[in-house]
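Participant: One structure follows; several queries about it will come next.
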Amino acid sequence: MSTALAVCHGAFGRVTVYQLDRPMRMHAHREGHLIFHLSGPPAVVTISGIPHIVDRAAGAAINPWQPHSFQPCAGRVPSVFLVAYISDRWLDRDQEGRGSLRFGANGIRFRPIIRMAAFSLADALVSGANFRSVDRGLNELFDASFDESWRHSAQPNCPARQAGSVDFRVRKSLRLLDDGLSEGIVLDAVARDAGLSRPHFYKLFRENTGVTPGLYANTMRIERALDRLVGSRESVTDIGYQLGFSSQSHFTHFFSSHVGIAPLHYRTIARIVSE
């Protein structure tokens with residue numbers, strides 16, 4: 001059974017130690033994303049249609065809005081992974097000259113310097129470290145991972161979505177999708193209200209954002225669910241209803257298939273750290 005050993009939210013984004021034995025469906029994140037194997041059987045992370053083994057030799061670096069899925073390998077013992085979701089705003093504070101978060105390659109070697117940083121950060125998270133310790137540990141892990149991702153890369157892999165370059169009809173559809181999360185989204189209606197046919201809407205949306213409209217809407221649902229689970233006392237049932245789900249079981253299944261664990265367990269284990 002998949003479970004979380006530690007979940008920490010802060011200005012950096014969120015960093016977790018997950019024990020995973022169930023797959024996660026195709027999804028995306030606004031943040032940059034690092035996955036490293038700590039123990040147990042390896043896993044396969046499929047990024048933009050390309051499978052990458054995450055094991056003792058290699059990790060995964062995923063750019064903002066890159067679609068990816070997770071498939072654990074069978075084994076008698078559970079697998080443990082360090083998973084980081086890194087905020088651009090946090091990087092802008094102290095990563096000079098790097099601009100928007102963008103890794104050079106999705107598969108990165110789990111070199112000794114990265115391994116040491118990953119295990120040190122995981123130990124800090126599980127032991128309840130404060131903001132300064134988590135912030136310092138994530139900085140070390142990101143620096144080493146970022147440099148490694150560009151070591152043999154000659155060109156950008158998948159740049160983050162830039163709002164200023166998005167077609168005005170897609171910008172309108174983004175607002176419609178965001179506003180409609182609590183009421184249930186009908187993508188044909190969004191396309192019509194944006195002044196596009198369904199095929200043109202899907203094509204233009206994906207060209208501008210890198211993801212499908214449905215994947216974008218699911219990403220927004222997960223983001224809002226995470227914010228409310230850690231930042232409010234609303235019940236899991238109420239949070240699900242507010243995000244357009246007809247029952248708690250439907251919401252729990254959706255959340256688990258995207259995050260890896262059930263929302264109630266996530267709320268129980270998650271903590272917020274600040275300076």
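Identifiers in this document derive from the order of the structure tokens: chains are assigned A, B, ..., residues are numbered from 1 separately in each chain, and ligands are numbered from 1 in order of occurrence.
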Find the spatial neighbours of Asp188 in chain A, counting only C-alpha atoms, within a cut-off of 12 Å - ignore same-chain residues fewer than 4 positions away - and output them as a ChimeraX atom specification.
Facilitator: /A:173,176-177,192-202,213-214
Participant: To one decimal in Å, tell me the separation between CA of Gly128 in chain A and CA of Phe81 in chain A.
Facilitator: 17.1 Å
Participant: Separation of CA of Glu234 in chain A and CA of His258 in chain A, in Å?
Facilitator: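 According to the coordinates, CA of Glu234 in chain A and CA of His258 in chain A are separated by 20.6 Å.
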Participant: For a test of reading the model, state the distance in Å between CA of Met220 in chain A and CA of Pro64 in chain A, rounded to one decimal.
Facilitator: 13.3 Å
Participant: So that I can check the secondary structure, give me every residue of range 75-234 of chain A assigned strand (DSSP E) by backbone DSSP, as a list in words.
Facilitator: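 Reading the DSSP output for range 75-234 of chain A, strand (DSSP E) covers Ser79, Val80, Phe81, Leu82, Val83, Ala84, Tyr85, Ile86, Gly107, Ile108 and Arg109 of chain A.
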Participant: Residues of range 14-260 of chain A in helix (DSSP H, G or I) according to DSSP, as JSON, numbers by chain?
Facilitator: {"A": [88, 89, 90, 91, 92, 93, 94, 112, 113, 114, 115, 116, 117, 118, 119, 120, 121, 122, 123, 124, 125, 126, 131, 132, 133, 134, 135, 136, 137, 138, 139, 140, 141, 142, 143, 144, 145, 146, 147, 148, 149, 150, 163, 164, 165, 168, 169, 170, 171, 172, 173, 174, 175, 176, 177, 178, 179, 187, 188, 189, 190, 191, 192, 193, 198, 199, 200, 201, 202, 203, 204, 205, 206, 207, 208, 209, 213, 214, 215, 216, 217, 218, 219, 220, 221, 222, 223, 224, 225, 226, 227, 228, 229, 230, 231, 236, 237, 238, 239, 240, 241, 242, 248, 249, 250, 251, 252, 253, 254, 255, 256, 257, 258, 259]}
Participant: Which residues are near range 49-54 of chain A? Cut-off 10 Å, only C-alpha atoms, ignore same chain within fewer than 2 positions. Put them as a PDB file with N, CA and C atoms, in the first residue's frame.
Facilitator:
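Written file, out_35.pdb:
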ATOM      1  N   MET A  26      -1.114   9.549 -15.978  1.00  0.00           N
ATOM      2  CA  MET A  26      -0.473  10.681 -16.624  1.00  0.00           C
ATOM      3  C   MET A  26      -0.971  11.984 -16.009  1.00  0.00           C
ATOM      4  N   ILE A  35      12.736  13.182  -8.962  1.00  0.00           N
ATOM      5  CA  ILE A  35      12.390  11.890  -8.362  1.00  0.00           C
ATOM      6  C   ILE A  35      13.669  11.071  -8.221  1.00  0.00           C
ATOM      7  N   PHE A  36      13.937  10.601  -6.980  1.00  0.00           N
ATOM      8  CA  PHE A  36      15.114   9.770  -6.743  1.00  0.00           C
ATOM      9  C   PHE A  36      14.729   8.536  -5.930  1.00  0.00           C
ATOM     10  N   HIS A  37      15.359   7.419  -6.262  1.00  0.00           N
ATOM     11  CA  HIS A  37      15.104   6.128  -5.631  1.00  0.00           C
ATOM     12  C   HIS A  37      15.953   6.014  -4.361  1.00  0.00           C
ATOM     13  N   LEU A  38      15.307   5.646  -3.256  1.00  0.00           N
ATOM     14  CA  LEU A  38      16.025   5.498  -1.994  1.00  0.00           C
ATOM     15  C   LEU A  38      16.187   4.041  -1.585  1.00  0.00           C
ATOM     16  N   PRO A  41      12.547  -1.963  -4.996  1.00  0.00           N
ATOM     17  CA  PRO A  41      12.619  -2.123  -6.452  1.00  0.00           C
ATOM     18  C   PRO A  41      12.553  -0.774  -7.163  1.00  0.00           C
ATOM     19  N   PRO A  42      13.082  -0.696  -8.385  1.00  0.00           N
ATOM     20  CA  PRO A  42      13.030   0.556  -9.143  1.00  0.00           C
ATOM     21  C   PRO A  42      11.629   0.838  -9.667  1.00  0.00           C
ATOM     22  N   ALA A  43      11.496   1.938 -10.403  1.00  0.00           N
ATOM     23  CA  ALA A  43      10.219   2.312 -11.013  1.00  0.00           C
ATOM     24  C   ALA A  43      10.496   2.843 -12.411  1.00  0.00           C
ATOM     25  N   VAL A  44       9.432   2.944 -13.190  1.00  0.00           N
ATOM     26  CA  VAL A  44       9.525   3.533 -14.523  1.00  0.00           C
ATOM     27  C   VAL A  44       8.707   4.821 -14.525  1.00  0.00           C
ATOM     28  N   VAL A  45       9.333   5.937 -14.839  1.00  0.00           N
ATOM     29  CA  VAL A  45       8.646   7.215 -14.988  1.00  0.00           C
ATOM     30  C   VAL A  45       8.646   7.543 -16.484  1.00  0.00           C
ATOM     31  N   THR A  46       7.454   7.610 -17.060  1.00  0.00           N
ATOM     32  CA  THR A  46       7.329   7.921 -18.482  1.00  0.00           C
ATOM     33  C   THR A  46       7.081   9.411 -18.633  1.00  0.00           C
ATOM     34  N   ILE A  47       7.992  10.110 -19.309  1.00  0.00           N
ATOM     35  CA  ILE A  47       7.963  11.568 -19.418  1.00  0.00           C
ATOM     36  C   ILE A  47       7.836  11.951 -20.886  1.00  0.00           C
ATOM     37  N   ARG A  56      18.949   2.897  -8.532  1.00  0.00           N
ATOM     38  CA  ARG A  56      20.163   3.316  -7.838  1.00  0.00           C
ATOM     39  C   ARG A  56      21.149   4.028  -8.755  1.00  0.00           C
ATOM     40  N   ALA A  57      20.921   3.942 -10.072  1.00  0.00           N
ATOM     41  CA  ALA A  57      21.857   4.548 -11.016  1.00  0.00           C
ATOM     42  C   ALA A  57      21.342   5.834 -11.641  1.00  0.00           C
ATOM     43  N   ALA A  58      20.020   6.052 -11.622  1.00  0.00           N
ATOM     44  CA  ALA A  58      19.456   7.204 -12.339  1.00  0.00           C
ATOM     45  C   ALA A  58      18.202   7.717 -11.652  1.00  0.00           C
ATOM     46  N   GLY A  59      18.019   9.039 -11.746  1.00  0.00           N
ATOM     47  CA  GLY A  59      16.800   9.683 -11.267  1.00  0.00           C
ATOM     48  C   GLY A  59      16.099  10.359 -12.425  1.00  0.00           C
ATOM     49  N   ALA A  60      15.032  11.090 -12.111  1.00  0.00           N
ATOM     50  CA  ALA A  60      14.259  11.779 -13.142  1.00  0.00           C
ATOM     51  C   ALA A  60      14.123  13.249 -12.781  1.00  0.00           C
ATOM     52  N   GLN A  66       5.458  19.258 -18.007  1.00  0.00           N
ATOM     53  CA  GLN A  66       5.755  18.062 -18.802  1.00  0.00           C
ATOM     54  C   GLN A  66       4.880  16.911 -18.331  1.00  0.00           C
ATOM     55  N   PRO A  67       4.075  16.318 -19.202  1.00  0.00           N
ATOM     56  CA  PRO A  67       3.238  15.176 -18.808  1.00  0.00           C
ATOM     57  C   PRO A  67       4.096  13.967 -18.440  1.00  0.00           C
ATOM     58  N   HIS A  68       3.708  13.277 -17.374  1.00  0.00           N
ATOM     59  CA  HIS A  68       4.461  12.109 -16.941  1.00  0.00           C
ATOM     60  C   HIS A  68       3.570  11.179 -16.135  1.00  0.00           C
ATOM     61  N   SER A  69       3.952   9.918 -16.080  1.00  0.00           N
ATOM     62  CA  SER A  69       3.252   8.928 -15.275  1.00  0.00           C
ATOM     63  C   SER A  69       4.278   8.104 -14.514  1.00  0.00           C
ATOM     64  N   PHE A  70       3.793   7.340 -13.524  1.00  0.00           N
ATOM     65  CA  PHE A  70       4.689   6.580 -12.649  1.00  0.00           C
ATOM     66  C   PHE A  70       4.203   5.135 -12.583  1.00  0.00           C
ATOM     67  N   GLN A  71       5.118   4.191 -12.789  1.00  0.00           N
ATOM     68  CA  GLN A  71       4.777   2.773 -12.715  1.00  0.00           C
ATOM     69  C   GLN A  71       5.818   2.052 -11.861  1.00  0.00           C
ATOM     70  N   PRO A  72       5.433   1.601 -10.658  1.00  0.00           N
ATOM     71  CA  PRO A  72       6.403   0.882  -9.829  1.00  0.00           C
ATOM     72  C   PRO A  72       6.678  -0.503 -10.401  1.00  0.00           C
ATOM     73  N   CYS A  73       7.861  -1.023 -10.143  1.00  0.00           N
ATOM     74  CA  CYS A  73       8.194  -2.381 -10.530  1.00  0.00           C
ATOM     75  C   CYS A  73       7.790  -3.339  -9.403  1.00  0.00           C
ATOM     76  N   PHE A  81      10.873   6.589  -2.379  1.00  0.00           N
ATOM     77  CA  PHE A  81      11.393   7.603  -3.295  1.00  0.00           C
ATOM     78  C   PHE A  81      11.367   8.976  -2.621  1.00  0.00           C
ATOM     79  N   ASN A 106      15.763  14.694 -18.979  1.00  0.00           N
ATOM     80  CA  ASN A 106      14.828  14.106 -18.022  1.00  0.00           C
ATOM     81  C   ASN A 106      15.464  12.994 -17.199  1.00  0.00           C
ATOM     82  N   GLY A 107      16.328  12.203 -17.835  1.00  0.00           N
ATOM     83  CA  GLY A 107      17.035  11.166 -17.106  1.00  0.00           C
ATOM     84  C   GLY A 107      18.386  11.683 -16.652  1.00  0.00           C
ATOM     85  N   ILE A 108      18.677  11.606 -15.349  1.00  0.00           N
ATOM     86  CA  ILE A 108      19.962  12.101 -14.844  1.00  0.00           C
ATOM     87  C   ILE A 108      20.648  11.025 -14.006  1.00  0.00           C
ATOM     88  N   ARG A 109      21.966  10.957 -14.137  1.00  0.00           N
ATOM     89  CA  ARG A 109      22.737   9.975 -13.373  1.00  0.00           C
ATOM     90  C   ARG A 109      22.649  10.282 -11.879  1.00  0.00           C
ATOM     91  N   PHE A 110      22.485   9.233 -11.097  1.00  0.00           N
ATOM     92  CA  PHE A 110      22.406   9.374  -9.642  1.00  0.00           C
ATOM     93  C   PHE A 110      23.831   9.347  -9.100  1.00  0.00           C
TER      94      PHE A 110
END
Participant: Excluding range 183-186 of chain A and any residue of its chain fewer than 3 positions from it, enumerate the residues within 8 Å of it, using only C-alpha atoms, and give them as a list in words.
Facilitator: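 Surrounding residues, per the criterion: Leu177, Gly180, Ala189, Val190, Gln242, Leu243, Gly244 and Phe245 of chain A.
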Participant: What's around Ile222 in chain A at 8 Å? Count only C-alpha atoms, leave out sequence neighbours fewer than 3 positions away in its own chain, and write the answer as a list in words.
Facilitator: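 Counting only the stated atoms, we get Asn218, Thr219, Ala225, Leu226, Phe255 and His258 of chain A.
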Participant: What lies within 10 Å of Arg30 in chain A using only C-alpha atoms, ignoring chain neighbours under 5 positions off, as a VMD selection string?
Facilitator: chain A and resid 63 to 66 85 to 88 160 to 161 216 219 to 220 223
Participant: Neighbouring residues of Val80 in chain A were defined as those with any atom within 7 Å, considering only C-alpha atoms; residues of the same chain fewer than 6 positions away were excluded. Please report them as a PyMOL selection string.
Facilitator: chain A and resi 17-20+37-40
